[in-house]
file input12.cif (mmCIF, C-alpha atoms and all ligand atoms)
data_data
loop_
_atom_site.label_atom_id
_atom_site.label_comp_id
_atom_site.auth_asym_id
_atom_site.auth_seq_id
_atom_site.Cartn_x
_atom_site.Cartn_y
_atom_site.Cartn_z
CA MET A 1 82.85 108.86 107.61
CA GLN A 2 86.45 109.87 108.00
CA HIS A 3 89.00 108.67 105.48
CA ILE A 4 92.12 107.52 107.29
CA ALA A 5 94.46 106.31 104.55
CA ALA A 6 94.65 104.71 101.13
CA TYR A 7 97.29 102.58 99.47
CA LEU A 8 97.81 101.52 95.87
CA LEU A 9 100.15 98.67 94.99
CA GLU A 10 100.62 97.97 91.31
CA ALA A 11 102.62 95.40 89.38
CA ARG A 12 102.32 96.04 85.65
CA GLY A 13 103.69 94.57 82.46
CA LEU A 14 104.09 91.07 83.92
CA SER A 15 104.05 87.87 81.95
CA PHE A 16 100.73 86.02 82.04
CA ASN A 17 102.12 83.35 84.36
CA THR A 18 103.83 85.80 86.72
CA ALA A 19 100.63 87.83 86.98
CA GLY A 20 98.72 84.65 87.72
CA LYS A 21 101.15 83.63 90.46
CA LEU A 22 101.03 87.10 92.00
CA GLU A 23 97.23 87.03 91.98
CA ASP A 24 97.37 83.75 93.92
CA ASP A 25 99.95 85.11 96.37
CA VAL A 26 97.82 88.20 97.00
CA ALA A 27 94.74 86.04 97.58
CA GLU A 28 96.70 83.95 100.06
CA VAL A 29 97.92 87.03 101.96
CA ILE A 30 94.32 88.24 102.23
CA LEU A 31 93.09 84.87 103.51
CA ARG A 32 95.86 84.80 106.11
CA TRP A 33 95.08 88.37 107.16
CA LEU A 34 91.37 87.57 107.61
CA SER A 35 92.29 84.49 109.57
CA ASP A 36 94.65 86.55 111.80
CA LYS A 37 91.70 88.88 112.40
CA GLY A 38 89.75 85.98 113.84
CA VAL A 39 87.71 84.90 110.81
CA SER A 40 87.24 81.13 111.09
CA ASP A 41 86.48 80.47 107.43
CA PRO A 42 88.04 83.31 105.42
CA ALA A 43 87.30 81.68 102.05
CA ARG A 44 83.57 82.29 102.45
CA ASN A 45 81.82 85.23 100.82
CA GLU A 46 80.67 86.77 104.10
CA GLY A 47 80.75 86.18 107.78
CA SER A 48 81.05 87.70 111.23
CA PHE A 49 83.72 87.08 113.82
CA ASN A 50 85.17 88.22 117.12
CA SER A 51 87.91 90.56 116.06
CA LEU A 52 91.21 89.56 117.62
CA THR A 53 92.94 92.80 116.70
CA ALA A 54 90.22 95.39 117.39
CA ASN A 55 88.85 93.71 120.51
CA GLY A 56 85.24 93.79 119.33
CA GLN A 57 82.85 92.32 116.79
CA GLY A 58 83.64 92.27 113.12
CA LYS A 59 82.10 91.26 109.81
CA PHE A 60 83.37 90.86 106.30
CA ASN A 61 82.09 90.25 102.82
CA ARG A 62 83.65 89.71 99.44
CA SER A 63 82.47 89.85 95.88
CA HIS A 64 84.03 88.61 92.70
CA THR A 65 83.43 90.22 89.31
CA VAL A 66 84.60 88.64 86.07
CA ALA A 67 84.77 90.54 82.80
CA ASP A 68 86.59 90.19 79.49
CA ARG A 69 89.29 92.67 80.38
CA GLY A 70 89.97 91.24 83.86
CA ASP A 71 88.84 90.04 87.27
CA LEU A 72 88.00 92.10 90.32
CA GLU A 73 87.92 90.81 93.87
CA GLU A 74 86.54 93.18 96.51
CA ILE A 75 86.78 92.57 100.24
CA ARG A 76 85.30 94.75 102.92
CA LEU A 77 86.04 94.26 106.59
CA ASP A 78 84.19 96.15 109.33
CA GLU A 79 85.39 96.12 112.92
CA PHE A 80 83.22 97.60 115.66
CA SER A 81 85.09 99.23 118.52
CA LYS A 82 83.74 99.46 122.06
CA ALA A 83 83.92 103.25 121.78
CA GLY A 84 81.15 103.21 119.17
CA GLN A 85 83.15 103.38 115.96
CA VAL A 86 83.33 101.18 112.90
CA PHE A 87 86.75 100.77 111.34
CA THR A 88 86.45 99.72 107.72
CA THR A 89 89.18 98.26 105.54
CA THR A 90 88.45 97.68 101.87
CA LEU A 91 90.64 95.82 99.42
CA SER A 92 90.10 95.80 95.67
CA VAL A 93 92.31 93.40 93.75
CA THR A 94 92.25 93.63 89.96
CA ARG A 95 93.91 91.20 87.60
CA SER A 96 94.22 91.64 83.86
CA PRO A 97 96.46 89.47 81.63
CA ALA A 98 99.63 91.46 82.46
CA ASP A 99 98.74 93.52 85.55
CA VAL A 100 97.84 93.04 89.18
CA SER A 101 96.85 95.92 91.42
CA VAL A 102 95.65 96.20 95.00
CA HIS A 103 93.84 99.29 96.27
CA VAL A 104 93.37 99.51 100.04
CA THR A 105 91.35 102.08 101.97
CA LEU A 106 90.90 102.65 105.70
CA SER A 107 88.06 104.68 107.14
CA VAL A 108 86.23 105.17 110.40
CA THR A 109 82.56 105.95 111.04
CA ASN A 110 80.73 106.77 114.27
CA THR A 111 77.83 104.41 114.91
CA VAL A 112 75.90 107.22 116.56
CA SER A 113 75.77 110.79 115.27
CA MET A 114 78.12 113.04 117.15
CA ILE A 115 79.80 116.31 116.27
CA ALA A 116 83.29 115.73 117.53
CA PRO A 117 86.60 114.81 115.98
CA VAL A 118 87.24 111.08 116.17
CA PRO A 119 90.44 110.45 118.10
CA ILE A 120 92.36 107.94 116.03
CA ASP A 121 95.95 106.85 115.85
CA PRO A 122 96.18 105.48 112.31
CA ARG A 123 98.71 102.80 111.44
CA CYS A 124 99.69 100.93 108.32
CA PRO A 125 97.39 97.88 108.19
CA ALA A 126 98.99 94.46 108.60
CA VAL A 127 97.65 93.31 105.24
CA VAL A 128 99.57 96.09 103.47
CA ARG A 129 102.80 95.09 105.22
CA GLN A 130 102.24 91.47 104.21
CA LEU A 131 101.58 92.47 100.60
CA LEU A 132 104.71 94.65 100.59
CA ALA A 133 106.71 91.64 101.81
CA LEU A 134 105.78 89.62 98.70
CA ASP A 135 108.57 89.04 96.21
CA VAL A 136 107.44 91.65 93.69
CA ALA A 137 108.58 95.18 92.83
CA TRP A 138 105.38 97.06 93.65
CA THR A 139 104.96 100.46 92.06
CA MET A 140 102.46 103.30 92.22
CA ASN A 141 102.00 105.27 89.05
CA GLY A 142 105.43 104.09 87.88
CA ASN A 143 107.17 104.90 91.20
CA ARG A 144 108.81 102.26 93.34
CA ILE A 145 106.82 101.78 96.54
CA PRO A 146 108.70 102.16 99.86
CA VAL A 147 108.60 98.89 101.77
CA GLY A 148 109.32 100.32 105.21
CA LYS A 149 113.11 100.69 105.44
CA SER A 150 115.03 103.96 105.56
CA THR A 151 117.96 104.62 103.23
CA SER A 152 121.21 106.18 104.32
CA LEU A 153 122.71 108.76 101.93
CA ILE A 154 126.24 109.87 102.63
CA GLY A 155 128.44 112.71 101.43
CA GLU A 156 128.34 114.36 98.02
CA ASP A 157 127.20 111.25 96.16
CA GLY A 158 124.36 110.79 98.60
CA ALA A 159 123.30 114.42 98.26
CA THR A 160 123.37 114.15 94.45
CA THR A 161 121.12 111.08 94.53
CA LEU A 162 118.71 112.82 96.90
CA LEU A 163 118.63 116.02 94.84
CA ASP A 164 117.78 114.03 91.70
CA HIS A 165 114.83 112.44 93.49
CA LEU A 166 113.63 115.65 95.12
CA ARG A 167 113.67 117.58 91.83
CA SER A 168 112.20 114.86 89.65
CA SER A 169 108.83 115.74 88.16
CA GLU A 170 108.21 111.98 87.86
CA ARG A 171 108.11 111.60 91.63
CA ARG A 172 104.69 110.64 92.99
CA MET A 173 105.52 109.96 96.62
CA PRO A 174 106.72 112.14 99.48
CA ILE A 175 110.28 111.91 100.76
CA VAL A 176 111.05 112.40 104.45
CA VAL A 177 114.63 113.52 105.08
CA VAL A 178 116.18 112.96 108.51
CA SER A 179 119.38 114.94 108.97
CA LYS A 180 122.24 114.22 111.33
CA ASN A 181 123.66 116.72 113.79
CA ASP A 182 127.31 116.19 114.69
CA GLY A 183 127.17 112.64 113.39
CA GLU A 184 123.88 111.45 114.94
CA ILE A 185 120.16 111.69 114.22
CA LEU A 186 118.02 113.20 116.96
CA TRP A 187 116.73 109.97 118.54
CA PRO A 188 118.40 106.58 117.99
CA TRP A 189 116.68 104.49 115.29
CA PHE A 190 113.82 106.90 114.73
CA ASP A 191 114.58 107.11 111.00
CA GLN A 192 113.89 103.36 110.81
CA GLU A 193 110.72 103.82 112.86
CA LEU A 194 109.47 106.57 110.57
CA ALA A 195 110.16 104.38 107.53
CA TYR A 196 108.27 101.50 109.16
CA ASP A 197 105.29 103.77 109.90
CA LEU A 198 105.20 105.19 106.38
CA ALA A 199 105.57 101.88 104.52
CA GLY A 200 103.72 102.04 101.21
CA LEU A 201 103.37 105.84 101.39
CA ALA A 202 106.67 107.72 101.75
CA HIS A 203 110.40 107.18 101.35
CA VAL A 204 112.58 107.98 104.35
CA VAL A 205 116.24 108.89 103.88
CA THR A 206 118.90 109.79 106.42
CA ILE A 207 121.64 112.22 105.41
CA ASP A 208 124.94 112.94 107.12
CA ASP A 209 126.33 116.39 107.88
CA GLU A 210 128.24 116.59 104.60
CA ALA A 211 125.21 115.68 102.48
CA SER A 212 123.23 118.32 104.40
CA TRP A 213 125.69 121.04 103.50
CA MET A 214 125.62 120.13 99.83
CA LEU A 215 121.81 120.06 99.90
CA THR A 216 121.83 123.56 101.39
CA GLU A 217 124.27 124.79 98.76
CA GLU A 218 122.09 123.46 95.95
CA MET A 219 118.60 124.23 97.25
CA GLY A 220 119.15 127.14 99.62
CA LYS A 221 118.62 127.15 103.38
CA GLU A 222 114.89 127.66 103.03
CA ASN A 223 114.50 124.31 101.26
CA SER A 224 117.23 122.34 102.96
CA CYS A 225 117.41 120.02 105.94
CA TYR A 226 120.28 120.02 108.43
CA LEU A 227 121.41 120.06 112.08
CA GLY A 228 119.11 117.27 113.19
CA ALA A 229 116.00 118.63 111.45
CA VAL A 230 113.40 116.46 109.71
CA ARG A 231 111.78 117.60 106.49
CA LEU A 232 108.86 116.30 104.48
CA TYR A 233 109.00 117.00 100.73
CA TRP A 234 105.73 116.44 98.86
CA PRO A 235 106.06 115.55 95.18
CA ILE A 236 106.58 118.52 92.88
CA VAL A 237 103.33 119.88 91.51
CA THR A 238 103.84 120.62 87.84
CA GLY A 239 102.89 124.17 86.93
CA GLY A 240 103.38 125.27 90.53
CA SER A 241 105.32 128.40 91.39
CA ALA A 242 109.00 128.21 92.26
CA ALA A 243 108.19 128.80 95.93
CA ALA A 244 105.85 125.82 95.95
CA GLN A 245 108.41 123.65 94.23
CA PHE A 246 109.54 122.12 97.47
CA SER A 247 106.32 122.27 99.44
CA GLY A 248 106.21 120.34 102.66
CA SER A 249 106.95 120.76 106.33
CA VAL A 250 110.07 121.06 108.39
CA TRP A 251 110.68 120.28 112.05
CA THR A 252 113.90 121.63 113.55
CA ALA A 253 115.84 119.71 116.16
CA SER A 254 115.07 122.57 118.53
CA ALA A 255 111.30 122.32 117.94
CA LEU A 256 111.36 118.53 118.25
CA LEU A 257 113.37 118.55 121.48
CA SER A 258 111.42 121.51 122.93
CA SER A 259 108.34 119.31 123.06
CA ASP A 260 110.17 116.34 124.52
CA HIS A 261 110.20 116.73 128.32
CA ASP A 262 109.13 113.18 129.07
CA GLY A 263 111.21 111.05 126.71
CA LYS A 264 108.20 110.44 124.46
CA GLY A 265 108.99 113.10 121.87
CA ALA A 266 109.95 110.53 119.23
CA LEU A 267 106.67 108.65 119.69
CA ARG A 268 104.64 111.84 119.42
CA PHE A 269 106.48 112.93 116.31
CA ARG A 270 105.89 109.54 114.70
CA THR A 271 102.16 109.96 115.29
CA THR A 272 102.19 113.48 113.87
CA LEU A 273 103.99 112.45 110.71
CA ARG A 274 101.88 109.32 110.25
CA ARG A 275 98.67 111.35 110.51
CA LYS A 276 99.94 113.96 108.09
CA VAL A 277 101.02 111.56 105.36
CA MET A 278 98.15 109.09 105.78
CA SER A 279 95.43 111.75 105.72
CA VAL A 280 96.81 113.20 102.50
CA ALA A 281 97.09 109.70 100.99
CA ALA A 282 93.47 109.02 101.96
CA LEU A 283 92.37 111.74 99.57
CA THR A 284 95.02 111.61 96.89
CA VAL A 285 95.54 107.91 96.19
CA VAL A 286 92.89 107.16 93.58
CA ALA A 287 91.53 103.73 92.80
CA PRO A 288 92.75 102.27 89.49
CA ILE A 289 90.37 102.92 86.59
CA GLU A 290 90.20 99.17 85.86
CA ILE A 291 87.92 98.69 88.86
CA ARG A 292 85.23 100.80 87.26
CA GLN A 293 85.82 99.35 83.82
CA ILE A 294 85.56 95.76 85.00
CA LYS A 295 82.33 96.52 86.84
CA SER A 296 80.83 98.26 83.80
CA ASP A 297 81.84 95.41 81.51
CA ALA A 298 80.28 92.86 83.82
CA ALA A 299 77.05 94.86 84.11
CA ARG A 300 76.85 95.21 80.35
CA SER A 301 77.36 91.54 79.68
CA ARG A 302 74.69 90.67 82.25
CA LEU A 303 72.34 92.98 80.41
CA THR A 304 73.17 91.35 77.07
CA GLU A 305 72.38 87.97 78.56
CA LEU A 306 69.04 89.25 79.78
CA GLU A 307 68.26 90.70 76.36
CA GLU A 308 68.87 87.37 74.72
CA ARG A 309 66.54 85.61 77.08
CA ALA A 310 63.76 88.16 77.48
CA THR A 311 61.30 89.21 74.87
CA ALA A 312 62.72 92.10 72.90
CA ASN A 313 62.02 95.63 74.15
CA SER A 314 60.34 94.57 77.34
CA GLU A 315 59.78 97.44 79.71
CA GLU A 316 62.04 95.93 82.39
CA LEU A 317 64.97 95.80 80.00
CA GLU A 318 64.57 99.43 79.06
CA ILE A 319 64.59 100.39 82.71
CA ALA A 320 67.66 98.25 83.37
CA LYS A 321 69.50 99.90 80.48
CA MET A 322 68.59 103.32 81.81
CA TYR A 323 69.92 102.42 85.25
CA LEU A 324 73.15 101.13 83.77
CA VAL A 325 73.78 104.41 81.95
CA ASP A 326 72.89 106.40 85.07
CA ASN A 327 75.08 104.22 87.21
CA GLU A 328 78.09 104.65 84.96
CA GLN A 329 77.60 108.41 84.87
CA LEU A 330 77.37 108.54 88.66
CA LYS A 331 80.51 106.47 89.05
CA ALA A 332 82.38 108.77 86.67
CA ASP A 333 81.08 111.82 88.59
CA LEU A 334 82.17 110.29 91.87
CA ALA A 335 85.66 109.57 90.54
CA GLN A 336 85.92 113.17 89.31
CA ALA A 337 84.70 114.49 92.68
CA LYS A 338 87.40 112.46 94.44
CA ILE A 339 90.04 113.94 92.14
CA ASP A 340 88.66 117.45 92.85
CA ILE A 341 88.90 116.82 96.59
CA ALA A 342 92.46 115.59 96.15
CA VAL A 343 93.43 118.76 94.26
CA LEU A 344 91.80 120.96 96.92
CA SER A 345 93.47 119.07 99.72
CA SER A 346 96.90 119.39 98.14
CA ARG A 347 96.24 123.12 97.74
CA ALA A 348 95.32 123.32 101.41
CA GLU A 349 98.50 121.48 102.30
CA ALA A 350 100.55 123.84 100.09
CA ALA A 351 98.88 126.88 101.67
CA GLU A 352 99.61 125.54 105.13
CA SER A 353 103.26 125.02 104.34
CA ALA A 354 103.50 128.49 102.73
CA LEU A 355 102.03 129.91 105.93
CA GLU A 356 104.59 128.02 107.98
CA GLN A 357 107.32 129.58 105.84
CA ILE A 358 105.89 133.09 106.23
CA LYS A 359 105.68 132.63 109.99
CA GLY A 360 109.22 131.29 109.94
CA ALA A 361 110.45 134.41 108.14
CA GLY A 362 108.78 136.77 110.62
CA PRO A 363 111.01 138.87 112.88
CA ASP A 364 109.89 137.25 116.14
CA ALA A 365 109.62 133.65 115.10
CA HIS A 366 112.19 130.94 114.71
CA PRO A 367 113.35 130.61 111.11
CA ALA A 368 112.15 127.58 109.18
CA VAL A 369 115.44 125.82 109.75
CA ALA A 370 117.51 127.48 112.44
CA ASP A 371 121.25 127.80 112.03
CA GLY A 372 121.77 126.75 115.61
CA PRO A 373 121.70 128.70 118.86
CA THR A 374 120.80 132.37 119.13
CA GLU A 375 123.51 134.69 120.41
CA PRO A 376 122.81 135.35 124.13
CA LYS A 377 123.24 138.80 125.68
CA SER A 378 124.20 139.39 129.28
CA GLY A 379 121.22 138.62 131.54
CA ASP A 380 119.51 136.32 129.00
CA ILE A 381 118.28 132.90 130.05
CA ARG A 382 118.68 130.09 127.55
CA TYR A 383 117.70 126.43 127.63
CA TYR A 384 119.76 123.65 126.05
CA LYS A 385 118.85 119.99 125.75
CA LYS A 386 121.18 117.06 125.24
CA ALA A 387 120.69 115.35 121.86
CA HIS A 388 123.45 112.80 122.24
CA SER A 389 126.86 112.34 123.78
CA LYS A 390 130.40 112.42 122.42
CA PRO A 391 133.42 111.12 124.35
CA ALA A 392 134.53 114.65 125.28
CA TYR A 393 131.29 116.65 125.30
CA ASP A 394 127.51 116.49 125.06
CA VAL A 395 125.86 117.57 121.81
CA LEU A 396 123.29 120.17 122.87
CA ILE A 397 120.46 121.91 121.04
CA GLU A 398 118.89 125.18 122.08
CA VAL A 399 115.23 124.66 122.99
CA SER A 400 112.41 126.64 124.55
CA GLY A 401 111.97 126.11 128.30
CA CYS A 402 110.43 122.92 129.66
CA GLY A 403 108.09 124.56 132.19
CA HIS A 404 109.53 122.58 135.11
CA THR A 405 110.66 124.33 138.29
CA SER A 406 113.05 121.81 139.81
CA TRP A 407 116.36 123.39 138.79
CA GLN A 408 119.40 121.91 140.45
CA SER A 409 122.94 123.13 140.63
CA ALA A 410 125.24 121.54 138.12
CA SER A 411 128.66 121.75 139.63
CA LYS A 412 130.03 118.54 138.13
CA ALA A 413 128.46 118.51 134.70
CA GLU A 414 131.71 118.86 132.78
CA LYS A 415 130.50 117.30 129.53
CA ALA A 416 127.38 119.44 129.44
CA LYS A 417 129.39 122.60 130.13
CA LYS A 418 131.78 121.71 127.33
CA GLY A 419 128.72 121.14 125.16
CA VAL A 420 127.33 124.62 125.87
CA GLU A 421 130.72 126.16 125.14
CA LYS A 422 130.97 124.27 121.86
CA LEU A 423 127.44 125.20 120.81
CA VAL A 424 127.47 128.88 121.73
CA GLY A 425 131.18 129.52 121.32
CA ARG A 426 131.56 131.07 124.81
CA GLY A 427 131.85 129.87 128.38
CA ASP A 428 131.23 133.10 130.31
CA TRP A 429 127.80 132.27 131.74
CA LYS A 430 126.74 133.45 135.21
CA ASN A 431 125.24 130.14 136.22
CA ILE A 432 124.13 126.82 134.81
CA GLN A 433 121.43 124.52 136.24
CA HIS A 434 120.07 121.09 135.48
CA CYS A 435 116.34 120.18 135.35
CA GLY A 436 115.46 117.41 137.79
CA ALA A 437 112.10 116.65 136.13
CA CYS A 438 112.93 116.29 132.44
CA THR A 439 113.52 112.75 131.22
CA GLY A 440 114.94 111.45 127.99
CA GLY A 441 117.99 113.71 127.71
CA GLY A 442 119.40 116.30 130.13
CA MET A 443 117.93 119.82 130.14
CA TRP A 444 120.08 122.79 131.10
CA LYS A 445 119.17 126.35 132.05
CA VAL A 446 121.93 128.87 131.51
CA ARG A 447 121.91 132.45 132.78
CA TRP A 448 124.32 134.45 130.66
ZN ZN B 1 112.44 120.08 132.67
#

call {"tool": "encode", "arguments": {"input": "input12.cif", "output": "structure tokens"}}
result
Amino acid sequence: MQHIAAYLLEARGLSFNTAGKLEDDVAEVILRWLSDKGVSDPARNEGSFNSLTANGQGKFNRSHTVADRGDLEEIRLDEFSKAGQVFTTTLSVTRSPADVSVHVTLSVTNTVSMIAPVPIDPRCPAVVRQLLALDVAWTMNGNRIPVGKSTSLIGEDGATTLLDHLRSSERRMPIVVVSKNDGEILWPWFDQELAYDLAGLAHVVTIDDEASWMLTEEMGKENSCYLGAVRLYWPIVTGGSAAAQFSGSVWTASALLSSDHDGKGALRFRTTLRRKVMSVAALTVVAPIEIRQIKSDAARSRLTELEERATANSEELEIAKMYLVDNEQLKADLAQAKIDIAVLSSRAEAAESALEQIKGAGPDAHPAVADGPTEPKSGDIRYYKKAHSKPAYDVLIEVSGCGHTSWQSASKAEKAKKGVEKLVGRGDWKNIQHCGACTGGGMWKVRW
């Protein structure tokens, strides 16, 4: 089984009535979601259906557990794909007098044994979006949950707000920062698209050039985000070293545009980021402890009932008691194992980002966040790609070559030429050519 993602939506400290209403609303969202999936009678405890969304067969079951400290409703939905995989969504809804929480997991299993990575393109499940749309301030571990919209932070005030969030040891969710370059982000609307993709998991903020500069001043270039770059900041791990304080990943405008020869760079980047955040969430979002407690309580009270009815000290009762103790120990062990995996996975993620930084600092590699173009010497060939257009010039970014061979003369490209001059600070190139094969933004080859 491969864990794809996990979500935890909590609403705590509610009045009894508000919690009750929220529990009803959540139940209604789940019924509607099952019905959208193709389930004809979603209120039943189990059933099979023709999945409308996965284009295959599906089945679901639900169980309800009642205990003194609260109720637990568990729903499991399996969808069988034609490619031989089972996609499983589980929802665990707990309700205590003042709290409601929903824990959602997504996983995929091959129906036949096969040693090969499962190609998946994970997305936020519709039921999570519908839950996020409810009129309630969902939190996770005390943090406000992102509902799928990006925030724009401008100037010094914006930078100050962002810095407070980035440095807070209370932060439990990643922040993705999208920086502007000469007034624009790299692809139109892609900050909103990233926020939509990462709903429930990560905050997305867009910063303007001024906020970028202040961020750099405060955090240093190695931790900052500017000139069209995108940066993922994991929450601060307490007790971590100073270097690991801002662990995460950074994608420069140059790297992002270098891999965009077909106009689909934004789509590919969305997939990359989604995979990265969701796979970490799959291991690090832990189910609320109430789930286990409610189950234990219910099992214990069932046992008490049995004891009252059966003759005292019957052999069956002794065995049942033994199983209950074993079962609770196993559940506790499993919860601990999941936490251990989460710690290991965050270490792996930190190691990976440290490695990225080391590579970035190497003499032959691009720095983690480039300052802009490299100074060309006579005879050098450089490639520049258009990020966006201004009235008087094109905003260009230096990229690695596109691999195409259809270079065309560019006698009339005045705006692009002005763009190169503005970017590099010189206009004394030997020749400049345009790629006839690249789409999604002009590509220029300049021989200096
Ligand atoms: Zn090209």

call {"tool": "atom_distance", "arguments": {"input": "input12.cif", "atom1": "atom CA of A:Met443", "atom2": "atom CA of A:Glu375"}}
result
18.6 Å

call {"tool": "atom_distance", "arguments": {"input": "input12.cif", "atom1": "atom CA of A:Tyr384", "atom2": "atom CA of A:Trp444"}}
result
5.1 Å

call {"tool": "residues_near_ligand", "arguments": {"input": "input12.cif", "ligand": "ligand ZN 1 (chain B)", "cutoff": "6 Å", "atoms": "only C-alpha atoms and all ligand atoms", "output": "list in words"}}
result
His261, Cys402, His404, Cys435, Ala437 and Cys438 of chain A

call {"tool": "write_last_selection", "arguments": {"input": "input12.cif", "atoms": "C-alpha atoms", "output": "CSV table (one decimal), in the coordinates of the input"}}
result
chain,number,residue,atom,x,y,z
A,261,HIS,CA,110.2,116.7,128.3
A,402,CYS,CA,110.4,122.9,129.7
A,404,HIS,CA,109.5,122.6,135.1
A,435,CYS,CA,116.3,120.2,135.4
A,437,ALA,CA,112.1,116.6,136.1
A,438,CYS,CA,112.9,116.3,132.4

call {"tool": "residues_around", "arguments": {"input": "input12.cif", "residues": "stretch 90-92 of chain A", "least_positions_apart": "5", "cutoff": "6 Å", "atoms": "only C-alpha atoms", "output": "MDAnalysis selection string"}}
result
chainID A and resid 73:76 102:105

call {"tool": "closest_residue", "arguments": {"input": "input12.cif", "among": "A:Ile432, A:Ala287, A:Val230, A:Val127", "to": "A:Ala266", "atoms": "only C-alpha atoms"}}
result
A:Val230

call {"tool": "residues_near_point", "arguments": {"input": "input12.cif", "point": "(127.3, 121.9, 143.1)", "cutoff": "12 Å", "atoms": "only C-alpha atoms", "output": "MDAnalysis selection string"}}
result
chainID A and resid 407:414 431:434

call {"tool": "closest_residue", "arguments": {"input": "input12.cif", "among": "A:Ala299, A:Ile4, A:Ile319, A:Leu396", "to": "A:Arg123", "atoms": "all atoms listed in the file"}}
result
A:Ile4

call {"tool": "residues_around", "arguments": {"input": "input12.cif", "residues": "A:Gly425", "least_positions_apart": "6", "cutoff": "12 Å", "atoms": "all atoms listed in the file", "output": "PDB file with C-alpha atoms, keeping the file's coordinate frame"}}
result
ATOM      1  CA  GLY A 372     121.770 126.750 115.610  1.00  0.00           C
ATOM      2  CA  PRO A 373     121.700 128.700 118.860  1.00  0.00           C
ATOM      3  CA  THR A 374     120.800 132.370 119.130  1.00  0.00           C
ATOM      4  CA  GLU A 375     123.510 134.690 120.410  1.00  0.00           C
ATOM      5  CA  PRO A 376     122.810 135.350 124.130  1.00  0.00           C
ATOM      6  CA  LYS A 417     129.390 122.600 130.130  1.00  0.00           C
ATOM      7  CA  LYS A 418     131.780 121.710 127.330  1.00  0.00           C
ATOM      8  CA  GLY A 419     128.720 121.140 125.160  1.00  0.00           C
TER       9      GLY A 419
END

call {"tool": "atom_distance", "arguments": {"input": "input12.cif", "atom1": "atom CA of A:Ser301", "atom2": "atom CA of A:Asp68"}}
result
9.3 Å

call {"tool": "closest_residue", "arguments": {"input": "input12.cif", "among": "A:Thr65, A:Asn327, A:Thr139, A:Thr206", "to": "A:Leu9", "atoms": "all atoms listed in the file"}}
result
A:Thr139

call {"tool": "axis_aligned_box", "arguments": {"input": "input12.cif", "around": "stretch 277-296 of chain A", "padding_each_side": "5 Å", "output": "AutoDock Vina command-line options"}}
result
--center_x 90.9 --center_y 104.5 --center_z 94.8 --size_x 30.2 --size_y 27.4 --size_z 32.0

call {"tool": "residues_near_point", "arguments": {"input": "input12.cif", "point": "(111.2, 113.8, 122.0)", "cutoff": "6 Å", "atoms": "only C-alpha atoms", "output": "list in words"}}
result
Leu257, Asp260, Gly263, Lys264, Gly265 and Ala266 of chain A

call {"tool": "closest_atom_pairs", "arguments": {"input": "input12.cif", "of": "stretch 80-123 of chain A", "to": "stretch 275-286 of chain A", "cutoff": "8 Å", "atoms": "all atoms listed in the file", "output": "JSON lines"}}
result
{"residue": "A:Thr105", "atom": "CA", "partner": "A:Ala282", "partner_atom": "CA", "distance": 7.3}
{"residue": "A:Leu106", "atom": "CA", "partner": "A:Ala282", "partner_atom": "CA", "distance": 7.8}
{"residue": "A:Asp121", "atom": "CA", "partner": "A:Arg275", "partner_atom": "CA", "distance": 7.5}
{"residue": "A:Pro122", "atom": "CA", "partner": "A:Arg275", "partner_atom": "CA", "distance": 6.6}

call {"tool": "residues_around", "arguments": {"input": "input12.cif", "residues": "A:Ser15", "least_positions_apart": "2", "cutoff": "12 Å", "atoms": "only C-alpha atoms", "output": "list in words"}}
result
Ala11, Arg12, Gly13, Asn17, Thr18, Ala19, Gly20, Lys21, Leu22, Ser96, Pro97, Ala98, Asp99 and Val100 of chain A

call {"tool": "closest_residue", "arguments": {"input": "input12.cif", "among": "A:Leu31, A:Gln192, A:Met219, A:Leu132", "to": "A:Asp164", "atoms": "only C-alpha atoms"}}
result
A:Met219

call {"tool": "closest_atom_pairs", "arguments": {"input": "input12.cif", "of": "stretch 133-243 of chain A", "to": "stretch 251-255 of chain A", "cutoff": "8 Å", "atoms": "only C-alpha atoms", "output": "JSON lines"}}
result
{"residue": "A:Leu186", "atom": "CA", "partner": "A:Ala253", "partner_atom": "CA", "distance": 6.9}
{"residue": "A:Leu227", "atom": "CA", "partner": "A:Ala253", "partner_atom": "CA", "distance": 6.9}
{"residue": "A:Gly228", "atom": "CA", "partner": "A:Ala253", "partner_atom": "CA", "distance": 5.0}
{"residue": "A:Ala229", "atom": "CA", "partner": "A:Thr252", "partner_atom": "CA", "distance": 4.2}
{"residue": "A:Val230", "atom": "CA", "partner": "A:Trp251", "partner_atom": "CA", "distance": 5.2}
{"residue": "A:Arg231", "atom": "CA", "partner": "A:Trp251", "partner_atom": "CA", "distance": 6.3}

call {"tool": "residues_around", "arguments": {"input": "input12.cif", "residues": "A:Pro42", "least_positions_apart": "5", "cutoff": "10 Å", "atoms": "all atoms listed in the file", "output": "list in words"}}
result
Ile30, Leu31, Arg32, Trp33, Leu34, Ser35, Asp36, Lys37, Gly47, Phe60, Asn61 and Arg62 of chain A

call {"tool": "closest_residue", "arguments": {"input": "input12.cif", "among": "A:Gly403, A:Cys225, A:Trp448, A:Thr271", "to": "A:Val420", "atoms": "all atoms listed in the file"}}
result
A:Trp448

call {"tool": "decode", "arguments": {"input": "input12.cif", "residues": "stretch 386-394 of chain A", "atoms": "C-alpha atoms", "output": "short mmCIF file (atom, residue, chain, number, x, y, z; two decimals), in the first residue's frame"}}
result
data_model
loop_
_atom_site.label_atom_id
_atom_site.label_comp_id
_atom_site.auth_asym_id
_atom_site.auth_seq_id
_atom_site.Cartn_x
_atom_site.Cartn_y
_atom_site.Cartn_z
CA LYS A 386 10.31 35.48 -21.96
CA ALA A 387 8.50 35.48 -18.60
CA HIS A 388 6.09 38.28 -19.39
CA SER A 389 5.82 41.49 -21.35
CA LYS A 390 6.02 45.16 -20.43
CA PRO A 391 4.91 47.98 -22.75
CA ALA A 392 8.50 48.81 -23.71
CA TYR A 393 10.35 45.52 -23.28
CA ASP A 394 10.02 41.80 -22.58
#
